[in-house]
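See below for run04.cif, which holds mmCIF, C-alpha atoms and all ligand atoms.
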data_upload
loop_
_atom_site.label_atom_id
_atom_site.label_comp_id
_atom_site.auth_asym_id
_atom_site.auth_seq_id
_atom_site.Cartn_x
_atom_site.Cartn_y
_atom_site.Cartn_z
CA MET A 779 0.00 0.00 0.00
CA LEU A 780 1.13 3.51 -0.78
CA LEU A 781 0.45 6.86 0.83
CA GLY A 782 0.25 9.93 -1.42
CA ILE A 783 0.06 13.54 -0.25
CA ASP A 784 -0.54 16.63 -2.38
CA LEU A 785 0.49 19.79 -0.52
CA GLY A 786 -1.30 22.80 -1.99
CA GLY A 787 -1.42 26.43 -0.91
CA THR A 788 -5.05 26.04 0.24
CA ASN A 789 -5.62 22.32 0.84
CA ILE A 790 -3.69 19.15 1.57
CA LYS A 791 -5.10 16.16 -0.28
CA ALA A 792 -3.98 12.68 0.66
CA GLY A 793 -4.95 9.09 0.09
CA ILE A 794 -4.03 5.45 0.13
CA CYS A 795 -3.74 3.51 -3.12
CA ASP A 796 -2.28 0.23 -4.28
CA ALA A 797 0.64 -0.18 -6.68
CA ARG A 798 -1.72 0.18 -9.66
CA GLY A 799 -3.13 3.47 -8.41
CA ARG A 800 -6.47 2.03 -7.22
CA VAL A 801 -7.84 4.40 -4.58
CA LEU A 802 -8.68 2.85 -1.19
CA ALA A 803 -9.16 5.98 0.90
CA SER A 804 -8.71 9.71 0.49
CA ASP A 805 -9.44 12.97 2.29
CA SER A 806 -8.33 16.58 2.45
CA ILE A 807 -7.65 19.18 5.13
CA PRO A 808 -6.88 22.92 4.98
CA THR A 809 -3.16 23.72 4.63
CA GLU A 810 -3.08 26.75 6.92
CA ALA A 811 0.50 27.39 5.86
CA HIS A 812 0.67 30.52 8.04
CA ARG A 813 0.88 28.23 11.10
CA GLY A 814 4.35 27.29 9.88
CA PRO A 815 5.96 24.23 8.28
CA ALA A 816 6.31 22.20 11.51
CA ASP A 817 2.58 22.42 12.24
CA THR A 818 1.52 21.70 8.66
CA LEU A 819 3.90 18.73 8.35
CA ARG A 820 2.63 17.31 11.65
CA ARG A 821 -0.98 17.53 10.39
CA MET A 822 0.06 15.98 7.05
CA ALA A 823 1.51 13.01 8.91
CA GLU A 824 -1.60 12.73 11.12
CA LEU A 825 -3.83 12.72 8.01
CA GLY A 826 -1.64 10.02 6.45
CA ARG A 827 -1.73 7.84 9.56
CA ARG A 828 -5.50 8.21 9.90
CA LEU A 829 -6.06 7.24 6.24
CA ALA A 830 -3.67 4.28 6.51
CA GLY A 831 -5.43 2.85 9.56
CA ARG A 832 -4.16 -0.70 9.96
CA ARG A 833 -2.81 -0.97 6.42
CA ARG A 834 0.95 -1.33 6.11
CA ILE A 835 2.41 1.51 4.07
CA GLY A 836 5.45 0.71 1.91
CA ALA A 837 6.30 4.24 0.81
CA CYS A 838 4.97 7.78 0.89
CA GLY A 839 5.08 10.26 -1.97
CA VAL A 840 4.53 13.95 -1.44
CA GLY A 841 3.85 16.53 -4.15
CA VAL A 842 4.82 20.11 -3.31
CA PRO A 843 4.58 23.43 -5.16
CA GLY A 844 7.58 25.34 -6.42
CA PRO A 845 10.96 24.43 -7.83
CA LEU A 846 12.99 21.82 -5.94
CA ASP A 847 16.66 20.96 -5.59
CA LEU A 848 17.83 18.20 -7.91
CA ALA A 849 18.13 15.73 -5.00
CA ARG A 850 14.52 16.47 -3.90
CA THR A 851 15.51 16.94 -0.25
CA ARG A 852 14.02 20.38 0.49
CA ILE A 853 11.65 23.17 -0.52
CA TYR A 854 13.83 26.26 -0.98
CA VAL A 855 10.94 28.68 -1.19
CA ALA A 856 7.32 28.28 -2.27
CA PRO A 857 5.35 31.40 -3.25
CA ASN A 858 2.05 29.80 -2.18
CA LEU A 859 3.36 28.63 1.20
CA GLU A 860 4.00 31.76 3.18
CA GLY A 861 7.05 31.56 5.44
CA TRP A 862 8.28 28.22 4.05
CA LYS A 863 12.00 28.49 3.39
CA ASP A 864 14.51 25.67 3.15
CA VAL A 865 12.08 23.08 4.56
CA ARG A 866 13.31 19.48 4.52
CA VAL A 867 9.91 17.91 3.84
CA PRO A 868 10.98 14.30 3.14
CA ALA A 869 13.27 14.06 6.21
CA VAL A 870 10.60 15.43 8.56
CA LEU A 871 7.82 13.22 7.17
CA ARG A 872 10.09 10.16 7.24
CA ARG A 873 10.68 10.77 10.95
CA LEU A 874 6.96 11.30 11.65
CA LEU A 875 5.66 8.40 9.54
CA GLY A 876 8.48 5.86 9.76
CA VAL A 877 8.36 5.06 6.02
CA PRO A 878 10.51 6.10 3.03
CA VAL A 879 9.33 9.45 1.67
CA VAL A 880 9.84 10.72 -1.89
CA MET A 881 9.17 14.37 -2.72
CA GLU A 882 8.42 15.72 -6.20
CA ASN A 883 6.99 18.88 -7.79
CA ASP A 884 3.17 18.84 -7.59
CA ALA A 885 2.48 19.20 -11.32
CA ASN A 886 5.03 16.44 -12.04
CA CYS A 887 3.16 14.20 -9.60
CA ALA A 888 -0.12 15.02 -11.32
CA ALA A 889 1.49 14.10 -14.66
CA VAL A 890 2.59 10.72 -13.31
CA GLY A 891 -0.86 10.05 -11.81
CA GLU A 892 -2.80 11.17 -14.85
CA SER A 893 -0.56 9.30 -17.32
CA ARG A 894 -1.31 6.03 -15.50
CA ALA A 895 -5.05 6.60 -15.99
CA TRP A 896 -4.69 6.30 -19.80
CA PRO A 897 -3.47 3.52 -22.10
CA PRO A 898 0.35 3.42 -22.05
CA CYS A 899 1.98 5.92 -24.40
CA ASP A 900 5.56 6.94 -25.23
CA GLY A 901 5.13 10.65 -24.69
CA PHE A 902 2.73 12.33 -22.29
CA ALA A 903 2.31 15.97 -21.26
CA LEU A 904 0.02 17.49 -18.67
CA TYR A 905 -1.08 21.09 -18.18
CA THR A 906 -2.62 22.03 -14.82
CA LEU A 907 -4.73 25.12 -15.41
CA GLY A 908 -5.34 26.87 -12.10
CA THR A 909 -4.13 30.02 -10.36
CA GLY A 910 -0.96 29.40 -12.35
CA VAL A 911 -0.19 26.92 -15.13
CA GLY A 912 1.84 23.87 -14.10
CA GLY A 913 3.20 21.18 -16.34
CA GLY A 914 4.70 17.72 -16.36
CA ILE A 915 6.24 15.45 -18.96
CA VAL A 916 6.35 11.65 -18.79
CA LEU A 917 8.46 9.84 -21.40
CA ASN A 918 8.27 6.06 -21.65
CA GLY A 919 6.79 5.89 -18.16
CA GLU A 920 9.54 8.04 -16.61
CA LEU A 921 9.09 11.54 -15.35
CA TRP A 922 11.27 13.89 -17.40
CA VAL A 923 12.90 16.46 -15.07
CA GLY A 924 15.84 17.50 -17.26
CA ALA A 925 19.36 18.56 -16.33
CA SER A 926 18.46 20.76 -13.35
CA GLY A 927 15.45 18.79 -12.14
CA ALA A 928 13.15 21.68 -13.03
CA ALA A 929 12.10 20.78 -16.60
CA GLY A 930 8.46 20.47 -17.58
CA GLU A 931 7.55 24.05 -16.63
CA LEU A 932 5.10 24.17 -19.51
CA GLY A 933 3.36 27.24 -18.08
CA HIS A 934 6.52 29.30 -18.50
CA MET A 935 7.09 28.49 -22.14
CA THR A 936 7.29 31.78 -24.04
CA VAL A 937 4.35 32.04 -26.42
CA ASP A 938 4.71 35.79 -27.10
CA PRO A 939 8.13 37.40 -26.45
CA HIS A 940 6.44 40.81 -26.18
CA GLY A 941 3.52 39.56 -24.11
CA PRO A 942 2.34 40.62 -20.65
CA ARG A 943 4.33 40.00 -17.48
CA CYS A 944 3.92 36.58 -15.86
CA GLY A 945 3.83 35.74 -12.13
CA CYS A 946 7.41 34.49 -12.53
CA GLY A 947 8.55 38.02 -13.47
CA ARG A 948 9.27 37.23 -17.13
CA CYS A 949 7.23 38.35 -20.13
CA GLY A 950 5.03 36.42 -22.53
CA CYS A 951 4.78 33.08 -20.70
CA LEU A 952 1.82 30.83 -21.52
CA GLU A 953 0.67 31.29 -17.91
CA ALA A 954 0.23 35.03 -18.45
CA PHE A 955 -2.52 34.21 -20.98
CA ALA A 956 -3.96 30.86 -19.96
CA SER A 957 -4.10 30.68 -16.14
CA ALA A 958 -7.46 31.12 -14.44
CA THR A 959 -6.01 34.34 -13.01
CA ALA A 960 -5.16 35.68 -16.48
CA VAL A 961 -8.58 34.73 -17.89
CA ALA A 962 -10.37 36.34 -14.95
CA ARG A 963 -8.33 39.53 -15.25
CA ALA A 964 -8.99 39.84 -19.00
CA ALA A 965 -12.68 38.91 -18.71
CA GLY A 966 -13.45 41.03 -15.66
CA ARG A 967 -15.16 38.08 -13.98
CA PRO A 968 -14.12 34.68 -12.48
CA ALA A 969 -12.70 32.25 -15.09
CA HIS A 970 -15.46 29.66 -14.63
CA GLU A 971 -18.04 32.38 -15.43
CA ALA A 972 -16.04 33.66 -18.39
CA PHE A 973 -16.27 30.24 -20.05
CA ARG A 974 -20.08 30.34 -19.85
CA SER A 975 -20.53 34.00 -20.67
CA ARG A 976 -21.39 35.43 -24.10
CA ASP A 977 -20.13 38.93 -23.44
CA PRO A 978 -17.31 40.04 -25.79
CA LYS A 979 -14.67 40.54 -23.07
CA SER A 980 -15.19 37.03 -21.71
CA ARG A 981 -15.15 35.48 -25.17
CA ALA A 982 -11.93 37.32 -26.02
CA ALA A 983 -10.29 36.19 -22.75
CA VAL A 984 -11.22 32.55 -23.39
CA ALA A 985 -10.09 32.75 -27.03
CA ARG A 986 -6.75 34.22 -25.92
CA ALA A 987 -6.21 31.44 -23.35
CA ALA A 988 -7.02 28.80 -25.98
CA TRP A 989 -4.69 30.50 -28.47
CA ALA A 990 -1.80 30.44 -25.96
CA LEU A 991 -2.42 26.83 -24.95
CA GLY A 992 -2.75 25.76 -28.57
CA ALA A 993 0.56 27.46 -29.38
CA GLY A 994 2.25 25.84 -26.37
CA ILE A 995 1.00 22.37 -27.28
CA ALA A 996 1.98 22.86 -30.94
CA ASN A 997 5.50 23.74 -29.74
CA LEU A 998 5.63 20.49 -27.75
CA ILE A 999 4.55 18.59 -30.86
CA HIS A 1000 7.31 20.18 -32.92
CA VAL A 1001 9.90 19.37 -30.23
CA PHE A 1002 9.04 15.85 -29.06
CA HIS A 1003 5.51 15.03 -30.23
CA PRO A 1004 3.71 13.51 -27.24
CA ASP A 1005 1.00 10.94 -28.07
CA LEU A 1006 -1.28 12.41 -25.44
CA VAL A 1007 -1.71 15.87 -23.93
CA VAL A 1008 -4.10 16.25 -20.99
CA LEU A 1009 -5.63 19.47 -19.66
CA ALA A 1010 -6.28 19.38 -15.91
CA GLY A 1011 -6.90 21.77 -13.02
CA GLY A 1012 -9.86 24.00 -12.23
CA MET A 1013 -10.14 25.46 -15.71
CA ALA A 1014 -10.39 22.02 -17.33
CA ARG A 1015 -13.85 21.84 -15.71
CA ALA A 1016 -14.99 24.16 -18.52
CA GLY A 1017 -14.99 20.97 -20.64
CA ARG A 1018 -15.57 21.45 -24.37
CA ALA A 1019 -15.51 25.24 -23.92
CA ILE A 1020 -11.73 24.97 -23.40
CA LEU A 1021 -10.97 21.71 -25.22
CA ASP A 1022 -12.51 22.56 -28.60
CA PRO A 1023 -10.77 25.92 -29.19
CA VAL A 1024 -7.43 24.48 -27.99
CA ARG A 1025 -7.71 21.58 -30.42
CA ALA A 1026 -8.60 24.00 -33.23
CA GLU A 1027 -5.56 26.17 -32.47
CA VAL A 1028 -3.23 23.15 -32.44
CA ARG A 1029 -4.66 22.08 -35.82
CA ARG A 1030 -3.65 25.43 -37.27
CA ARG A 1031 -0.07 25.17 -36.00
CA VAL A 1032 1.18 21.66 -36.79
CA PHE A 1033 1.78 19.56 -39.89
CA ALA A 1034 -0.94 17.17 -41.08
CA VAL A 1035 1.33 14.19 -40.51
CA GLN A 1036 1.74 15.25 -36.87
CA LEU A 1037 -1.96 15.95 -36.41
CA ALA A 1038 -2.83 12.35 -37.22
CA LYS A 1039 -1.00 11.20 -34.08
CA ILE A 1040 -1.95 13.58 -31.31
CA ARG A 1041 -4.69 13.29 -28.70
CA ILE A 1042 -5.67 16.27 -26.57
CA GLU A 1043 -8.04 15.34 -23.76
CA LEU A 1044 -9.45 16.46 -20.41
CA SER A 1045 -8.22 15.00 -17.11
CA ARG A 1046 -9.72 11.67 -16.03
CA LEU A 1047 -8.54 11.82 -12.42
CA GLY A 1048 -9.22 15.45 -11.52
CA ASP A 1049 -8.11 16.23 -7.96
CA ASP A 1050 -6.87 12.67 -7.37
CA ALA A 1051 -4.08 12.91 -9.98
CA GLY A 1052 -1.62 14.73 -7.69
CA TRP A 1053 -1.63 12.50 -4.66
CA THR A 1054 -1.97 9.20 -6.57
CA GLY A 1055 0.91 10.29 -8.82
CA ALA A 1056 3.03 11.14 -5.77
CA ALA A 1057 2.29 7.69 -4.30
CA LEU A 1058 3.07 5.85 -7.55
CA TRP A 1059 6.26 7.85 -8.07
CA ALA A 1060 7.39 6.98 -4.54
CA ALA A 1061 6.83 3.28 -5.29
CA ARG A 1062 8.82 3.60 -8.50
CA LYS A 1063 11.72 5.30 -6.73
CA HIS A 1064 11.83 2.60 -4.05
CA ARG A 1065 11.73 -0.42 -6.32
CA PRO A 1066 14.88 -1.72 -8.00
CA HIS A 1067 14.72 -0.83 -11.72
ZN ZN B 1101 6.36 32.73 -16.32
#
What would the structure in this file look like if it were written as structure tokens?
Amino acid sequence: MLLGIDLGGTNIKAGICDARGRVLASDSIPTEAHRGPADTLRRMAELGRRLAGRRRIGACGVGVPGPLDLARTRIYVAPNLEGWKDVRVPAVLRRLLGVPVVMENDANCAAVGESRAWPPCDGFALYTLGTGVGGGIVLNGELWVGASGAAGELGHMTVDPHGPRCGCGRCGCLEAFASATAVARAAGRPAHEAFRSRDPKSRAAVARAAWALGAGIANLIHVFHPDLVVLAGGMARAGRAILDPVRAEVRRRVFAVQLAKIRIELSRLGDDAGWTGAALWAARKHRPH
């Protein structure tokens, strides 16, 4: 049995699954990051123990926001976790839980979890469309983290070099057009309302987000051509209202021969992708290859 934990800025989601990702129990609690890392980590461990009950846990995976060191031993700084600096999450949780703990970036965990919910493919990419835009790449079943460990930041791909400033401080990132925050700002109303609205500002905001996502996905296709690209996160709940214009934009930007071999779909796992992916990744890291 595996324990997975998804540490978000607002909520901590956790659950128990087996080695195939079948969910046996899950729950969530508020993060309350302002109470400090020690308190939050203690409550994370309590939640894990409560969910495990009498089941024997082989490994724990934890997904956390923000860039990580290559060795995955600490969170340097996380913008959504106020006051968290240089926190050794795996070491603390290992002490509290008494099991091996593997830490990974939250969007990478979601990519691992979501990729296992689909038929096996060689190349897989995930976009998490929320307050920001996260990303993850899985190649031949392995998470692709690149030379520094921070690859797969699909939200910070430049889609317009002269575009608006992104939360990361750079200009023209996909996130600056296609996050729920960007859509809401351009539409003048919450993103989920913008997708349903017929007013011109909302329609323009949605079209702009779809244009940016379509361009980003087309770039991935030209670089490494994933078989499957999945849209997840709060904004994926817009369903066809996001999926259809993104697909149309990709069609305009790739070659016909490429178009025949690309699937763009909506998340199957929703909120469960992050913690199940963390759990499955922990199992992978603790099994001899
Ligand atoms: Zn950025």
Around the point (-3.2, 30.3, -23.0) in the file's coordinates, collect all residues with an atom within 10 Å, using all atoms listed in the file, and return them as a ChimeraX atom specification. /A:907,911,933,937,951-958,960-961,983-995,1024
Save the residues we just selected, C-alpha atoms, as a compact mmCIF listing (two decimals), keeping the file's coordinate frame?
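Written out: part.txt:
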# COMPACT_ATOMS: atom_id res chain seq x y z
CA LEU A 907 -4.73 25.12 -15.41
CA VAL A 911 -0.19 26.92 -15.13
CA GLY A 933 3.36 27.24 -18.08
CA VAL A 937 4.35 32.04 -26.42
CA CYS A 951 4.78 33.08 -20.70
CA LEU A 952 1.82 30.83 -21.52
CA GLU A 953 0.67 31.29 -17.91
CA ALA A 954 0.23 35.03 -18.45
CA PHE A 955 -2.52 34.21 -20.98
CA ALA A 956 -3.96 30.86 -19.96
CA SER A 957 -4.10 30.68 -16.14
CA ALA A 958 -7.46 31.12 -14.44
CA ALA A 960 -5.16 35.68 -16.48
CA VAL A 961 -8.58 34.73 -17.89
CA ALA A 983 -10.29 36.19 -22.75
CA VAL A 984 -11.22 32.55 -23.39
CA ALA A 985 -10.09 32.75 -27.03
CA ARG A 986 -6.75 34.22 -25.92
CA ALA A 987 -6.21 31.44 -23.35
CA ALA A 988 -7.02 28.80 -25.98
CA TRP A 989 -4.69 30.50 -28.47
CA ALA A 990 -1.80 30.44 -25.96
CA LEU A 991 -2.42 26.83 -24.95
CA GLY A 992 -2.75 25.76 -28.57
CA ALA A 993 0.56 27.46 -29.38
CA GLY A 994 2.25 25.84 -26.37
CA ILE A 995 1.00 22.37 -27.28
CA VAL A 1024 -7.43 24.48 -27.99
Would you kindly return, as a ChimeraX atom specification, each protein, DNA or RNA residue with an atom no farther than 9 Å from any atom of segment 1047-1055 of chain A, considering all atoms listed in the file and excluding same-chain residues fewer than 5 positions away? /A:780-785,791-795,799-801,804,839-841,884-895,1010-1012,1014-1015,1060
With all atoms listed in the file as the basis for distance, which of A:Val923, A:Ile1020, A:Cys949, A:Ala1056 is at the shortest distance from ligand ZN 1101 (chain B)?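 Checking each candidate against ligand ZN 1101 (chain B), we get A:Cys949 as the closest.
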Kindly work out which residues sit at most 6 Å from ligand ZN 1101 (chain B), using all atoms listed in the file, and give the list as a PDB file with C-alpha atoms, in the coordinates of the input.
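Okay, this is what ended up in result-v9.pdb:
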ATOM      1  CA  HIS A 934       6.520  29.300 -18.500  1.00  0.00           C
ATOM      2  CA  CYS A 944       3.920  36.580 -15.860  1.00  0.00           C
ATOM      3  CA  GLY A 945       3.830  35.740 -12.130  1.00  0.00           C
ATOM      4  CA  CYS A 946       7.410  34.490 -12.530  1.00  0.00           C
ATOM      5  CA  ARG A 948       9.270  37.230 -17.130  1.00  0.00           C
ATOM      6  CA  CYS A 951       4.780  33.080 -20.700  1.00  0.00           C
TER       7      CYS A 951
END
Kindly give the distance, in Å, that separates atom CA of Arg852 of chain A and atom CA of Ala797 of chain A, rounded to a single decimal.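 The value is 25.6 Å.
With all atoms listed in the file as the atoms that count, the minimum distance from Asp817 of chain A to the choices A:Leu874, A:Ala962, A:Lys979, A:Pro942 is reached by A:Leu874.
Look at Ile999 of chain A: the protein and nucleic acid residues within 10 Å of it, using all atoms listed in the file and passing over chain neighbours fewer than 6 places away, are Ala993, Asp1005, Val1007, Val1028, Arg1031, Val1032, Phe1033, Gln1036, Leu1037, Lys1039 and Ile1040 of chain A.
Here atom CA of Glu971 of chain A and atom CA of Leu1021 of chain A stand 16.1 Å from one another.
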Neighbouring residues of Arg1018 of chain A were defined as those with any atom within 12 Å, considering all atoms listed in the file; residues of the same chain fewer than 4 positions away were excluded. Please report them as a short mmCIF file (atom, residue, chain, number, x, y, z; two decimals) with C-alpha atoms, in the frame of the given file.
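Saved result, around-v9.cif, follows:
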data_model
loop_
_atom_site.label_atom_id
_atom_site.label_comp_id
_atom_site.auth_asym_id
_atom_site.auth_seq_id
_atom_site.Cartn_x
_atom_site.Cartn_y
_atom_site.Cartn_z
CA PHE A 973 -16.27 30.24 -20.05
CA ARG A 974 -20.08 30.34 -19.85
CA VAL A 984 -11.22 32.55 -23.39
CA ALA A 988 -7.02 28.80 -25.98
CA LEU A 1009 -5.63 19.47 -19.66
CA MET A 1013 -10.14 25.46 -15.71
CA ALA A 1014 -10.39 22.02 -17.33
CA ASP A 1022 -12.51 22.56 -28.60
CA PRO A 1023 -10.77 25.92 -29.19
CA VAL A 1024 -7.43 24.48 -27.99
CA ARG A 1025 -7.71 21.58 -30.42
CA ALA A 1026 -8.60 24.00 -33.23
CA ILE A 1042 -5.67 16.27 -26.57
CA GLU A 1043 -8.04 15.34 -23.76
CA LEU A 1044 -9.45 16.46 -20.41
#
Skip Glu860 of chain A itself and residues of its chain fewer than 2 positions away, then list as a ChimeraX atom specification all residues within 8 Å of it, counting all atoms listed in the file. /A:811-812,856-858,862
When you count only C-alpha atoms, which of these residues is closest to Thr906 of chain A: A:Val842, A:Ala830, A:Ala1057, A:Val1008?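 Of A:Val842, A:Ala830, A:Ala1057, A:Val1008, the one nearest Thr906 of chain A, counting only C-alpha atoms, is A:Val1008.
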Looking at A:Arg820, A:Arg798, A:His1064, A:His1003, which one is nearest to Ile915 of chain A, with distances taken over all atoms listed in the file? A:His1003
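Distances from A:Gly786, A:Gly901, A:Leu917, A:Lys863 to Asn883 of chain A were compared using only C-alpha atoms, and the smallest one belongs to A:Gly786.
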Can you work out the spacing between atom CA of Arg943 of chain A and atom CA of Phe1002 of chain A in Å, to one decimal? 27.2 Å
So, counting all atoms listed in the file, which residue among A:Ser975, A:Ser980, A:Thr851, A:Thr936 is closest to Arg963 of chain A? A:Ser980
For segment 923-931 of chain A, take all atoms listed in the file, fit an axis-aligned box around them, add 4 Å to each of the six sides, then output centre and edge lengths in Å rounded to one decimal, as AutoDock Vina command-line options.
--center_x 13.5 --center_y 20.3 --center_z -14.9 --size_x 19.8 --size_y 15.6 --size_z 13.4
Reconstruct segment 880-891 of chain A at the level of N, CA and C atoms, and format the result as a short mmCIF file (atom, residue, chain, number, x, y, z; two decimals), in the frame of the given file.
data_model
loop_
_atom_site.label_atom_id
_atom_site.label_comp_id
_atom_site.auth_asym_id
_atom_site.auth_seq_id
_atom_site.Cartn_x
_atom_site.Cartn_y
_atom_site.Cartn_z
N VAL A 880 9.30 10.14 -0.66
CA VAL A 880 9.84 10.72 -1.89
C VAL A 880 9.08 12.00 -2.18
N MET A 881 9.81 13.09 -2.43
CA MET A 881 9.17 14.37 -2.72
C MET A 881 9.35 14.70 -4.21
N GLU A 882 8.33 15.31 -4.80
CA GLU A 882 8.42 15.72 -6.20
C GLU A 882 7.53 16.94 -6.41
N ASN A 883 7.82 17.73 -7.42
CA ASN A 883 6.99 18.88 -7.79
C ASN A 883 5.53 18.45 -8.01
N ASP A 884 4.59 19.27 -7.56
CA ASP A 884 3.17 18.84 -7.59
C ASP A 884 2.63 18.56 -9.00
N ALA A 885 2.99 19.42 -9.96
CA ALA A 885 2.48 19.20 -11.32
C ALA A 885 3.12 17.95 -11.94
N ASN A 886 4.40 17.68 -11.58
CA ASN A 886 5.03 16.44 -12.04
C ASN A 886 4.30 15.22 -11.48
N CYS A 887 3.92 15.30 -10.21
CA CYS A 887 3.16 14.20 -9.60
C CYS A 887 1.84 14.00 -10.33
N ALA A 888 1.15 15.11 -10.61
CA ALA A 888 -0.12 15.02 -11.32
C ALA A 888 0.08 14.38 -12.70
N ALA A 889 1.20 14.69 -13.34
CA ALA A 889 1.49 14.10 -14.66
C ALA A 889 1.68 12.59 -14.55
N VAL A 890 2.40 12.16 -13.52
CA VAL A 890 2.59 10.72 -13.31
C VAL A 890 1.24 10.05 -13.06
N GLY A 891 0.44 10.63 -12.14
CA GLY A 891 -0.86 10.05 -11.81
C GLY A 891 -1.77 9.99 -13.01
#
